[in-house]
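S.K.: entry.csv (CSV, C-alpha atoms) pasted underneath:
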```csv
chain,number,residue,atom,x,y,z
W,1,MET,CA,86.8,90.4,123.7
W,2,ILE,CA,83.6,91.8,122.5
W,3,LYS,CA,82.6,93.3,119.2
W,4,LEU,CA,80.6,96.4,120.3
W,5,PHE,CA,79.5,97.2,116.8
W,6,GLU,CA,81.0,97.3,113.3
W,7,GLY,CA,84.6,98.3,113.6
W,8,VAL,CA,84.8,98.6,117.4
W,9,LEU,CA,86.1,96.1,119.9
W,10,ALA,CA,85.9,96.2,123.6
W,11,VAL,CA,88.4,94.3,125.8
W,12,PRO,CA,87.4,94.1,129.4
W,13,MET,CA,90.4,93.2,131.6
W,14,ILE,CA,89.6,91.9,135.0
W,15,GLY,CA,91.7,91.0,138.0
W,16,THR,CA,95.4,91.4,138.8
W,17,LEU,CA,97.4,91.6,135.6
W,18,ASP,CA,100.9,90.2,135.3
W,19,SER,CA,103.3,90.8,132.5
W,20,SER,CA,102.8,87.5,130.6
W,21,ARG,CA,99.0,87.6,130.9
W,22,THR,CA,98.9,91.2,129.7
W,23,GLN,CA,101.2,90.3,126.8
W,24,ALA,CA,99.0,87.4,125.8
W,25,VAL,CA,95.8,89.4,125.9
W,26,MET,CA,97.4,92.2,123.9
W,27,GLU,CA,98.7,89.8,121.2
W,28,ALA,CA,95.2,88.3,120.9
W,29,LEU,CA,93.7,91.8,120.7
W,30,LEU,CA,95.9,92.8,117.8
W,31,GLN,CA,95.0,89.6,115.9
W,32,LYS,CA,91.3,90.3,116.6
W,33,ILE,CA,91.7,93.7,115.2
W,34,VAL,CA,92.9,92.1,111.9
W,35,ASP,CA,90.2,89.4,111.9
W,36,THR,CA,87.3,91.8,112.5
W,37,GLU,CA,88.8,94.7,110.6
W,38,SER,CA,88.1,96.9,113.7
W,39,GLU,CA,89.7,100.4,113.7
W,40,LEU,CA,89.0,101.0,117.3
W,41,ALA,CA,89.6,98.9,120.5
W,42,ILE,CA,88.5,100.0,123.9
W,43,ILE,CA,90.7,98.4,126.6
W,44,ASP,CA,88.8,98.7,129.8
W,45,ILE,CA,90.7,98.2,133.0
W,46,THR,CA,87.8,99.1,135.5
W,47,GLY,CA,88.2,95.6,136.9
W,48,VAL,CA,92.0,95.9,137.5
W,49,PRO,CA,92.9,97.0,141.0
W,50,THR,CA,96.6,97.9,140.3
W,51,VAL,CA,99.0,98.2,137.5
W,52,ASP,CA,102.8,98.0,137.6
W,53,THR,CA,105.3,99.6,135.3
W,54,LEU,CA,105.7,96.4,133.2
W,55,VAL,CA,101.9,96.1,132.6
W,56,ALA,CA,101.6,99.8,131.9
W,57,GLN,CA,104.4,99.6,129.3
W,58,HIS,CA,102.7,96.6,127.7
W,59,LEU,CA,99.5,98.6,127.3
W,60,MET,CA,101.4,101.5,125.8
W,61,LYS,CA,103.2,99.1,123.4
W,62,THR,CA,99.9,97.6,122.4
W,63,VAL,CA,98.5,100.9,121.5
W,64,ALA,CA,101.6,101.8,119.5
W,65,ALA,CA,101.4,98.5,117.7
W,66,ALA,CA,97.7,98.9,116.9
W,67,ARG,CA,98.4,102.3,115.5
W,68,LEU,CA,101.2,101.0,113.3
W,69,MET,CA,98.6,98.5,111.9
W,70,GLY,CA,96.1,101.3,111.2
W,71,ALA,CA,93.8,101.0,114.2
W,72,ASP,CA,93.6,102.9,117.5
W,73,CYS,CA,93.0,102.1,121.2
W,74,ILE,CA,91.3,103.9,124.0
W,75,ILE,CA,92.1,102.9,127.6
W,76,SER,CA,89.2,103.3,129.9
W,77,GLY,CA,88.3,102.6,133.5
W,78,ILE,CA,91.4,104.1,135.0
W,79,ARG,CA,90.9,104.4,138.7
W,80,PRO,CA,92.5,107.3,140.6
W,81,GLN,CA,95.0,104.8,142.1
W,82,ILE,CA,96.1,103.6,138.8
W,83,ALA,CA,96.3,107.2,137.4
W,84,GLN,CA,98.6,108.0,140.4
W,85,THR,CA,100.8,104.9,139.7
W,86,ILE,CA,101.1,105.9,136.1
W,87,VAL,CA,102.3,109.4,137.0
W,88,HIS,CA,104.6,108.2,139.8
W,89,LEU,CA,106.2,105.6,137.6
W,90,GLY,CA,106.7,108.2,134.9
W,91,VAL,CA,105.1,106.0,132.2
W,92,GLU,CA,104.8,107.9,129.0
W,93,LEU,CA,101.2,108.0,128.0
W,94,GLN,CA,102.2,110.0,124.9
W,95,ASP,CA,99.0,110.8,123.1
W,96,VAL,CA,97.0,107.8,124.1
W,97,VAL,CA,93.4,108.7,124.8
W,98,THR,CA,92.3,107.6,128.2
W,99,LYS,CA,89.0,107.9,129.8
W,100,ALA,CA,87.8,107.4,133.4
W,101,THR,CA,84.7,105.3,132.5
W,102,LEU,CA,83.8,102.8,129.8
W,103,ALA,CA,80.7,105.0,129.1
W,104,ASP,CA,82.9,107.9,128.1
W,105,ALA,CA,85.0,105.6,125.9
W,106,PHE,CA,81.9,104.2,124.3
W,107,GLY,CA,80.7,107.8,123.6
W,108,ILE,CA,84.0,108.5,121.7
W,109,ALA,CA,83.6,105.2,119.8
W,110,LEU,CA,80.2,106.3,118.6
W,111,ARG,CA,81.3,109.7,117.6
W,112,ARG,CA,84.4,108.4,115.7
W,113,SER,CA,82.3,106.0,113.8
W,114,ASN,CA,79.6,108.6,113.0
W,115,ARG,CA,76.9,106.9,114.9
W,116,THR,CA,74.4,108.0,117.5
W,117,ILE,CA,71.9,106.4,119.8
W,118,VAL,CA,68.3,107.0,119.2
W,119,ARG,CA,65.7,106.4,121.9
W,120,MET,CA,62.7,104.4,120.6
W,121,GLY,CA,59.2,104.9,121.9
W,122,LYS,CA,56.6,102.3,122.9
W,123,THR,CA,55.9,101.5,119.3
W,124,ALA,CA,58.0,102.4,116.3
W,125,ALA,CA,55.2,104.5,115.0
W,126,ALA,CA,54.8,106.4,118.2
W,127,ALA,CA,58.6,107.0,118.2
W,128,THR,CA,58.5,108.5,114.7
W,129,SER,CA,55.7,110.9,115.6
W,130,ASP,CA,57.2,111.7,119.0
W,131,ALA,CA,60.5,112.6,117.3
W,132,GLU,CA,61.3,116.3,117.3
W,133,PRO,CA,62.2,117.7,113.9
W,134,GLY,CA,65.9,117.9,113.4
W,135,THR,CA,66.6,115.1,116.0
W,136,GLY,CA,69.7,113.1,115.0
W,137,THR,CA,69.0,109.9,113.2
W,138,HIS,CA,71.2,107.0,112.4
Z,139,MET,CA,124.8,73.8,132.5
Z,140,VAL,CA,124.0,74.7,128.9
Z,141,LEU,CA,124.3,72.4,126.0
Z,142,VAL,CA,125.3,74.1,122.8
Z,143,GLN,CA,124.7,72.5,119.4
Z,144,THR,CA,125.9,74.4,116.4
Z,145,ASN,CA,123.4,74.0,113.7
Z,146,GLU,CA,125.1,75.8,110.9
Z,147,SER,CA,127.3,78.6,109.8
Z,148,VAL,CA,126.0,81.0,107.1
Z,149,PRO,CA,128.3,83.3,105.2
Z,150,ILE,CA,127.3,87.0,104.9
Z,151,ALA,CA,128.8,88.4,101.7
Z,152,THR,CA,126.0,89.7,99.6
Z,153,ASP,CA,122.5,91.2,99.8
Z,154,ASP,CA,121.0,87.7,99.1
Z,155,ASP,CA,122.9,86.3,102.1
Z,156,ILE,CA,120.9,88.6,104.4
Z,157,VAL,CA,117.7,87.1,103.0
Z,158,ARG,CA,119.2,83.6,103.5
Z,159,VAL,CA,120.1,84.4,107.1
Z,160,ARG,CA,116.5,85.5,107.8
Z,161,GLN,CA,115.2,82.3,106.3
Z,162,ARG,CA,117.6,80.0,108.2
Z,163,VAL,CA,116.9,81.7,111.5
Z,164,ARG,CA,113.1,81.5,110.8
Z,165,ASP,CA,113.3,77.8,110.0
Z,166,THR,CA,115.4,77.1,113.1
Z,167,ALA,CA,113.1,79.1,115.4
Z,168,VAL,CA,110.1,77.3,114.0
Z,169,SER,CA,111.7,73.9,114.5
Z,170,LEU,CA,112.4,74.9,118.1
Z,171,GLY,CA,108.7,75.8,118.6
Z,172,PHE,CA,109.1,79.5,119.3
Z,173,SER,CA,105.9,81.6,119.2
Z,174,LEU,CA,105.2,83.7,116.1
Z,175,VAL,CA,106.1,86.9,117.9
Z,176,ASP,CA,109.4,85.5,119.2
Z,177,GLN,CA,110.2,84.1,115.7
Z,178,THR,CA,109.6,87.6,114.2
Z,179,LYS,CA,111.8,89.2,116.9
Z,180,LEU,CA,114.6,86.8,116.2
Z,181,VAL,CA,114.5,87.1,112.5
Z,182,THR,CA,114.3,90.9,112.6
Z,183,ALA,CA,117.2,91.1,115.0
Z,184,ALA,CA,119.2,88.7,112.8
Z,185,SER,CA,118.4,90.9,109.7
Z,186,GLU,CA,119.7,94.0,111.4
Z,187,LEU,CA,122.9,92.3,112.6
Z,188,ALA,CA,123.5,90.5,109.3
Z,189,ARG,CA,123.3,93.8,107.5
Z,190,ASN,CA,125.7,95.4,109.9
Z,191,ALA,CA,128.2,92.6,109.3
Z,192,LEU,CA,127.8,93.1,105.5
Z,193,VAL,CA,127.8,96.9,105.4
Z,194,TYR,CA,130.0,97.9,108.2
Z,195,GLY,CA,131.9,94.7,108.8
Z,196,LEU,CA,132.6,94.2,105.1
Z,197,GLY,CA,131.3,90.7,105.2
Z,198,GLY,CA,131.3,88.0,107.9
Z,199,THR,CA,129.4,84.9,109.1
Z,200,VAL,CA,126.6,84.0,111.5
Z,201,ARG,CA,126.7,80.8,113.6
Z,202,ILE,CA,123.2,79.5,114.4
Z,203,GLU,CA,123.2,77.5,117.6
Z,204,THR,CA,120.6,75.6,119.6
Z,205,LEU,CA,120.9,75.9,123.3
Z,206,LEU,CA,119.6,73.5,125.9
Z,207,ASN,CA,119.6,73.9,129.7
Z,208,ASP,CA,117.6,71.6,132.0
Z,209,ARG,CA,114.4,73.6,131.7
Z,210,ARG,CA,114.4,75.4,128.4
Z,211,SER,CA,115.7,75.5,124.9
Z,212,GLY,CA,117.1,78.6,123.2
Z,213,LEU,CA,118.4,79.9,119.9
Z,214,ARG,CA,121.7,81.7,119.8
Z,215,LEU,CA,123.2,83.6,116.9
Z,216,ILE,CA,126.8,84.7,116.7
Z,217,PHE,CA,127.6,87.3,114.1
Z,218,GLU,CA,131.3,87.7,113.3
Z,219,ASP,CA,133.1,90.0,110.9
Z,220,HIS,CA,136.7,91.0,110.4
Z,221,GLY,CA,135.9,94.6,109.5
Z,222,PRO,CA,137.3,97.8,111.0
Z,223,GLY,CA,135.7,97.2,114.4
Z,224,ILE,CA,133.9,99.7,116.6
Z,225,ALA,CA,135.8,102.3,118.5
Z,226,ASP,CA,133.1,103.3,121.0
Z,227,THR,CA,130.7,100.4,121.6
Z,228,ALA,CA,128.6,102.4,124.1
Z,229,LEU,CA,128.0,105.1,121.5
Z,230,ALA,CA,127.3,102.4,118.9
Z,231,LEU,CA,124.6,101.1,121.1
Z,232,THR,CA,122.6,104.3,121.4
Z,233,ASP,CA,119.4,104.7,119.3
Z,234,GLY,CA,119.9,106.7,116.2
Z,235,TYR,CA,123.7,106.6,116.1
Z,236,THR,CA,124.9,105.6,112.7
Z,237,THR,CA,128.1,106.0,110.7
Z,238,GLY,CA,126.3,105.2,107.5
Z,239,ASN,CA,123.0,105.9,106.0
Z,240,GLY,CA,121.0,103.7,108.3
Z,241,LEU,CA,118.5,104.6,111.1
Z,242,GLY,CA,121.0,103.7,113.8
Z,243,LEU,CA,118.6,101.1,115.3
Z,244,GLY,CA,120.4,97.9,114.3
Z,245,LEU,CA,122.5,97.2,117.4
Z,246,SER,CA,120.3,98.9,120.0
Z,247,GLY,CA,117.2,97.4,118.4
Z,248,ALA,CA,118.6,93.9,118.2
Z,249,ARG,CA,119.4,94.2,121.9
Z,250,ARG,CA,115.8,95.1,122.7
Z,251,LEU,CA,114.5,92.3,120.7
Z,252,CYS,CA,116.5,89.6,122.4
Z,253,GLN,CA,117.0,88.4,125.9
Z,254,ASP,CA,120.7,87.8,125.7
Z,255,PHE,CA,123.0,90.3,124.0
Z,256,GLU,CA,126.8,90.7,123.9
Z,257,LEU,CA,128.9,93.0,121.8
Z,258,VAL,CA,132.6,92.6,121.5
Z,259,SER,CA,134.6,94.9,119.2
Z,260,ARG,CA,137.8,96.8,119.0
Z,261,PRO,CA,139.2,98.9,116.2
Z,262,GLY,CA,141.2,96.7,113.9
Z,263,GLU,CA,139.9,93.5,115.5
Z,264,GLY,CA,136.5,93.1,113.9
Z,265,THR,CA,133.2,92.7,115.7
Z,266,ARG,CA,131.3,89.9,117.3
Z,267,VAL,CA,127.6,90.2,118.3
Z,268,THR,CA,125.9,87.4,120.1
Z,269,ILE,CA,122.1,87.3,120.6
Z,270,ALA,CA,119.8,84.7,122.1
Z,271,ARG,CA,116.2,84.1,122.9
Z,272,TRP,CA,114.9,81.4,125.1
Z,273,LYS,CA,111.6,79.6,124.8
C,274,MET,CA,116.9,91.2,88.9
C,275,GLU,CA,113.2,90.8,89.3
C,276,ARG,CA,111.1,93.9,90.0
C,277,ILE,CA,108.0,94.3,92.2
C,278,PRO,CA,105.0,95.0,90.0
C,279,ILE,CA,103.2,98.3,90.4
C,280,LEU,CA,99.5,98.4,89.5
C,281,LYS,CA,97.5,101.4,88.6
C,282,MET,CA,94.1,101.6,90.4
C,283,GLY,CA,92.3,104.8,89.3
C,284,GLN,CA,94.4,107.7,90.4
C,285,SER,CA,96.4,105.5,92.8
C,286,LEU,CA,99.3,103.1,92.5
C,287,LEU,CA,99.1,99.8,94.3
C,288,VAL,CA,102.1,97.7,95.3
C,289,SER,CA,101.8,94.3,96.9
C,290,ILE,CA,105.0,93.1,98.4
C,291,GLN,CA,104.9,89.4,98.4
C,292,VAL,CA,108.5,88.4,98.6
C,293,ASP,CA,111.2,88.6,101.2
C,294,MET,CA,113.1,91.4,99.5
C,295,HIS,CA,116.8,91.7,99.4
C,296,ASP,CA,118.1,95.3,100.0
C,297,ARG,CA,118.8,96.0,96.3
C,298,LEU,CA,115.2,95.0,95.4
C,299,ALA,CA,113.8,97.3,98.1
C,300,LEU,CA,115.9,100.2,96.7
C,301,SER,CA,114.7,99.5,93.2
C,302,LEU,CA,111.1,99.5,94.4
C,303,GLN,CA,111.7,102.9,95.9
C,304,ASP,CA,113.0,104.2,92.6
C,305,ASP,CA,110.3,102.5,90.5
C,306,LEU,CA,107.5,103.9,92.6
C,307,THR,CA,108.8,107.4,92.5
C,308,GLN,CA,109.2,107.2,88.8
C,309,GLN,CA,105.6,105.8,88.4
C,310,ILE,CA,104.1,108.5,90.6
C,311,VAL,CA,105.6,111.1,88.2
C,312,ASN,CA,104.6,109.1,85.0
C,313,THR,CA,101.0,108.5,86.1
C,314,ARG,CA,100.5,111.7,88.1
C,315,ALA,CA,99.2,109.4,90.8
C,316,ARG,CA,97.6,111.1,93.8
C,317,GLY,CA,97.8,108.0,96.1
C,318,VAL,CA,100.2,105.2,96.8
C,319,LEU,CA,99.0,102.0,98.6
C,320,ILE,CA,101.7,99.6,99.8
C,321,ASP,CA,100.3,96.3,100.8
C,322,ILE,CA,102.6,94.5,103.3
C,323,SER,CA,100.1,91.8,104.4
C,324,SER,CA,102.5,89.1,103.1
C,325,LEU,CA,105.5,90.4,104.9
C,326,GLU,CA,106.6,88.3,107.9
C,327,VAL,CA,109.4,90.7,108.7
C,328,VAL,CA,109.9,94.4,108.5
C,329,ASP,CA,113.3,95.5,109.7
C,330,SER,CA,114.8,99.0,109.9
C,331,PHE,CA,115.9,98.9,106.2
C,332,ILE,CA,112.4,98.2,105.0
C,333,GLY,CA,111.0,100.7,107.5
C,334,ARG,CA,113.3,103.3,106.1
C,335,MET,CA,112.2,102.4,102.6
C,336,LEU,CA,108.6,102.9,103.5
C,337,ALA,CA,109.3,106.3,105.1
C,338,ASN,CA,111.3,107.4,102.1
C,339,ILE,CA,108.6,106.4,99.7
C,340,ALA,CA,106.0,108.4,101.8
C,341,ALA,CA,108.3,111.4,101.9
C,342,MET,CA,109.1,111.4,98.2
C,343,ALA,CA,105.4,110.8,97.3
C,344,ARG,CA,104.5,113.8,99.5
C,345,VAL,CA,106.9,116.0,97.6
C,346,LEU,CA,105.1,114.8,94.4
C,347,ASP,CA,101.7,115.6,96.0
C,348,ALA,CA,100.7,112.0,96.6
C,349,GLN,CA,99.5,110.3,99.7
C,350,THR,CA,101.0,107.1,100.8
C,351,VAL,CA,99.2,104.5,103.0
C,352,VAL,CA,100.8,101.3,104.1
C,353,VAL,CA,98.3,98.5,104.7
C,354,GLY,CA,98.0,95.1,106.1
C,355,MET,CA,100.8,95.1,108.7
C,356,ARG,CA,100.8,91.8,110.6
C,357,PRO,CA,100.4,91.9,114.4
C,358,ALA,CA,103.8,90.2,115.0
C,359,VAL,CA,105.5,92.7,112.8
C,360,ALA,CA,103.8,95.6,114.5
C,361,ILE,CA,104.8,94.3,118.0
C,362,THR,CA,108.4,93.8,116.8
C,363,LEU,CA,108.6,97.3,115.2
C,364,VAL,CA,107.5,98.9,118.5
C,365,GLU,CA,110.1,96.9,120.4
C,366,LEU,CA,112.7,97.7,117.7
C,367,GLY,CA,112.0,101.4,118.3
C,368,LEU,CA,110.9,102.1,114.7
C,369,SER,CA,108.1,104.6,114.6
C,370,LEU,CA,107.5,105.0,110.9
C,371,THR,CA,106.8,108.7,111.3
C,372,GLY,CA,105.2,110.3,108.2
C,373,VAL,CA,103.7,107.0,107.1
C,374,ARG,CA,100.0,106.5,107.3
C,375,THR,CA,98.6,103.1,107.9
C,376,ALA,CA,95.3,101.2,107.4
C,377,LEU,CA,94.1,97.7,108.1
C,378,ASN,CA,93.5,96.8,104.5
C,379,VAL,CA,93.5,98.1,100.9
C,380,GLU,CA,89.9,99.2,101.1
C,381,LYS,CA,90.4,101.3,104.2
C,382,GLY,CA,93.6,102.6,102.8
C,383,MET,CA,91.8,103.8,99.6
C,384,ARG,CA,89.2,105.5,101.8
C,385,LEU,CA,92.0,107.3,103.7
C,386,ILE,CA,93.5,108.5,100.4
C,387,THR,CA,90.1,109.7,99.1
C,388,GLU,CA,89.1,111.4,102.3
C,389,SER,CA,92.3,113.3,102.6
C,390,GLY,CA,91.7,114.9,99.2
C,391,GLY,CA,94.1,112.6,97.4
C,392,MET,CA,91.6,112.0,94.8
C,393,GLU,CA,88.3,113.4,93.5
C,394,ASP,CA,85.7,111.3,91.8
C,395,GLY,CA,82.2,111.7,90.4
C,396,ALA,CA,80.8,115.2,90.5
C,397,GLY,CA,83.6,116.7,92.4
C,398,SER,CA,86.2,115.9,89.8
C,399,ASP,CA,87.7,118.9,88.0
C,400,GLU,CA,88.8,116.9,85.0
```
Is it possible to express this structure as structure tokens?

M.R.:
Amino acid sequence: MIKLFEGVLAVPMIGTLDSSRTQAVMEALLQKIVDTESELAIIDITGVPTVDTLVAQHLMKTVAAARLMGADCIISGIRPQIAQTIVHLGVELQDVVTKATLADAFGIALRRSNRTIVRMGKTAAAATSDAEPGTGTH
Amino acid sequence: MVLVQTNESVPIATDDDIVRVRQRVRDTAVSLGFSLVDQTKLVTAASELARNALVYGLGGTVRIETLLNDRRSGLRLIFEDHGPGIADTALALTDGYTTGNGLGLGLSGARRLCQDFELVSRPGEGTRVTIARWK
Amino acid sequence: MERIPILKMGQSLLVSIQVDMHDRLALSLQDDLTQQIVNTRARGVLIDISSLEVVDSFIGRMLANIAAMARVLDAQTVVVGMRPAVAITLVELGLSLTGVRTALNVEKGMRLITESGGMEDGAGSDE
């Protein structure tokens, strides 16, 4: 689990998930949310080839539990195959936000926490003078 | 073959007894080495069923039992009351169904929280609910 | 019977539940809070459940009732500090706590109340 920045956690999941492993990771995530006071967790499953009903349900339950606690989750890295499985299995996504790529999820995390990324020039001074008026700043 | 050891029997007659049931179930679950999440599920299920025994069953008891089969240990709770009994157990087990002021999640919720669940009840013959979780 | 203390924090009320409540105590908390919202004209109610190891459907209903009654009295309720094991169990139990807003801790809960117009402070105050 990675703390991306203040208030945002990223949980990359890799490999084939089984029910008990998913459960363990999800419990650890919820505890991490409390420990780091993070209001947003991005669960990235780019590295997960397939998902079965049980795992999908665990993910949904984790999102529900996080919300009950006062945080939220985004699930990113959903491959077309997994998207198909989710639909075929009739798993209720409810209003969970899902994104195809981690980059998209990261973008949401930035927006929700009122942040933006600023490109710096060769030197800090050059960057300041290069900056167009009205460019977003942090 | 399952070895059953009855640890104790707790009466359920007042509000305070529901709290005592929670405490005794928690203590027993801890001593058996259940994980925190499993402890919480057991205690929550016990709370629901103890309240049912008090409110609908007009009072009863819970037997707290330790189970042992060759691989695992478990905790079993048997709630018994001599109240009016349940006419339609299938209906009673549906989410949201309540004959009182509750949320109707007690029986169905307890079933979801535990691995073993049994409901035996007939009008005029009281109610017995058995739940168990294994480590 | 003992009663759960209700503290006044600015224009909000703060309740920290630190005991395993029996049903009667939970009901009296519901009554006391509603009364205090009226007495103090509170705009926010923060219920800290970080000490609770168990939240069953009775307590869940109490929280939902408090939030509903507070809303009628124009106050925002936020429940804070729910433990992971409790959250996981509530999801499994099937209890959704609709109408109850939640936050990770008191500080974030207060921010929720302020942001949703529950209170005004400083220059924006119309007092």

S.K.: Name all residues at most 6 Å from Ala376 (chain C) (count all atoms listed in the file; drop same-chain ones fewer than 4 positions away) and give them as an MDAnalysis selection string.

M.R.: (chainID W and resid 70) or (chainID C and resid 353 381:382)

S.K.: Give me a file of those residues, with C-alpha atoms, as a compact mmCIF listing (two decimals), keeping the file's coordinate frame.

M.R.:
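Writing done, so here's again.txt:
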```txt
# COMPACT_ATOMS: atom_id res chain seq x y z
CA GLY W 70 96.10 101.30 111.20
CA VAL C 353 98.30 98.50 104.70
CA LYS C 381 90.40 101.30 104.20
CA GLY C 382 93.60 102.60 102.80
```

S.K.: For Val168 (chain Z), find every residue with an atom within 12 Å (counting only C-alpha atoms), except residues of its own chain fewer than 3 positions away, and show them as a ChimeraX atom specification.

M.R.: /Z:161-165,171-178,180-181,212-213,273

S.K.: Just give me the gap between CA of Thr62 (chain W) and CA of Glu37 (chain W) in Å, one decimal is fine.

M.R.: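 A separation of 16.5 Å between them.
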
S.K.: Within 8 Å of region 245-256 of chain Z, counting all atoms listed in the file, which residues show up once you throw out same-chain ones fewer than 5 positions away? Write them as a PyMOL selection string, please.

M.R.: (chain Z and resi 179-180+182-184+186-187+230-233+267-272) or (chain C and resi 362+365-367)

S.K.: Restricting the calculation to all atoms listed in the file, which member of C:Ser285, C:Thr313, C:Gln303, C:Thr371 is positioned closest to Arg384 (chain C)?

M.R.: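 Result for the nearest residue to Arg384 (chain C): C:Ser285.
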
S.K.: Using only C-alpha atoms, determine which residues lie at most 12 Å from Asn312 (chain C), disregarding the query and same-chain residues fewer than 6 positions distant; provide the list as an MDAnalysis selection string.

M.R.: chainID C and resid 281 284:286 305:306 346

S.K.: Save the residues we just selected, C-alpha atoms, as a PDB file, in the frame of the given file?

M.R.:
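Below you can see selection-v7.pdb, which holds the result:
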```
ATOM      1  CA  LYS C 281      97.500 101.400  88.600  1.00  0.00           C
ATOM      2  CA  GLN C 284      94.400 107.700  90.400  1.00  0.00           C
ATOM      3  CA  SER C 285      96.400 105.500  92.800  1.00  0.00           C
ATOM      4  CA  LEU C 286      99.300 103.100  92.500  1.00  0.00           C
ATOM      5  CA  ASP C 305     110.300 102.500  90.500  1.00  0.00           C
ATOM      6  CA  LEU C 306     107.500 103.900  92.600  1.00  0.00           C
ATOM      7  CA  LEU C 346     105.100 114.800  94.400  1.00  0.00           C
TER       8      LEU C 346
END
```

S.K.: Determine the nearest neighbour of chain C from the options Z:Leu205, Z:Val193, Z:Ala151, Z:Val157, counting only C-alpha atoms.

M.R.: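 When distances to chain C are compared using only C-alpha atoms, the smallest one comes from Z:Val157.
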
S.K.: Identify, on the basis of only C-alpha atoms, every residue whose closest approach to Ala65 (chain W) does not exceed 12 Å; exclude the query and any residue fewer than 2 positions from it along the same chain; express the result as a PyMOL selection string.

M.R.: (chain W and resi 26-27+29-31+33+58-63+67-73) or (chain C and resi 355-370+375)

S.K.: Suppose you want the space between CA of Asn145 (chain Z) and CA of Thr204 (chain Z); what is it in Å?

M.R.: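 Here the two named atoms are 6.7 Å from each other.
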
S.K.: Could you tell me how far CA of Thr85 (chain W) lies from CA of Ala24 (chain W), in Å and to one decimal?

M.R.: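 According to the coordinates, CA of Thr85 (chain W) and CA of Ala24 (chain W) are separated by 22.4 Å.
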
S.K.: For each of Z:Val200, Z:Ile224, Z:Phe217, Z:Arg158, take the minimum atom-to-atom distance to Thr237 (chain Z), counting all atoms listed in the file, then give the residue where this is smallest.

M.R.: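 Closest to Thr237 (chain Z), using all atoms listed in the file: Z:Ile224.
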
S.K.: Fix up region 274-286 of chain C with N, CA and C atoms, then write it as a compact mmCIF listing (two decimals), in the frame of the given file.

M.R.:
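Okay, this is what ended up in rebuild-v1.txt:
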```
# COMPACT_ATOMS: atom_id res chain seq x y z
N MET C 274 117.58 91.22 87.60
CA MET C 274 116.90 91.20 88.90
C MET C 274 115.41 91.42 88.69
N GLU C 275 114.64 90.68 89.42
CA GLU C 275 113.20 90.80 89.30
C GLU C 275 112.77 92.19 89.84
N ARG C 276 111.59 92.64 89.48
CA ARG C 276 111.10 93.90 90.00
C ARG C 276 109.70 93.66 90.58
N ILE C 277 109.34 94.44 91.59
CA ILE C 277 108.00 94.30 92.20
C ILE C 277 107.00 95.02 91.33
N PRO C 278 105.93 94.35 90.91
CA PRO C 278 105.00 95.00 90.00
C PRO C 278 104.19 96.11 90.72
N ILE C 279 103.96 97.17 89.95
CA ILE C 279 103.20 98.30 90.40
C ILE C 279 101.94 98.42 89.61
N LEU C 280 100.79 98.37 90.26
CA LEU C 280 99.50 98.40 89.50
C LEU C 280 98.89 99.77 89.63
N LYS C 281 98.19 100.14 88.58
CA LYS C 281 97.50 101.40 88.60
C LYS C 281 96.02 101.12 88.96
N MET C 282 95.51 101.84 89.97
CA MET C 282 94.10 101.60 90.40
C MET C 282 93.49 103.02 90.44
N GLY C 283 92.83 103.41 89.35
CA GLY C 283 92.30 104.80 89.30
C GLY C 283 93.43 105.76 89.33
N GLN C 284 93.37 106.69 90.29
CA GLN C 284 94.40 107.70 90.40
C GLN C 284 95.49 107.27 91.40
N SER C 285 95.44 106.01 91.81
CA SER C 285 96.40 105.50 92.80
C SER C 285 97.27 104.43 92.23
N LEU C 286 98.38 104.21 92.88
CA LEU C 286 99.30 103.10 92.50
C LEU C 286 99.16 102.08 93.67
```
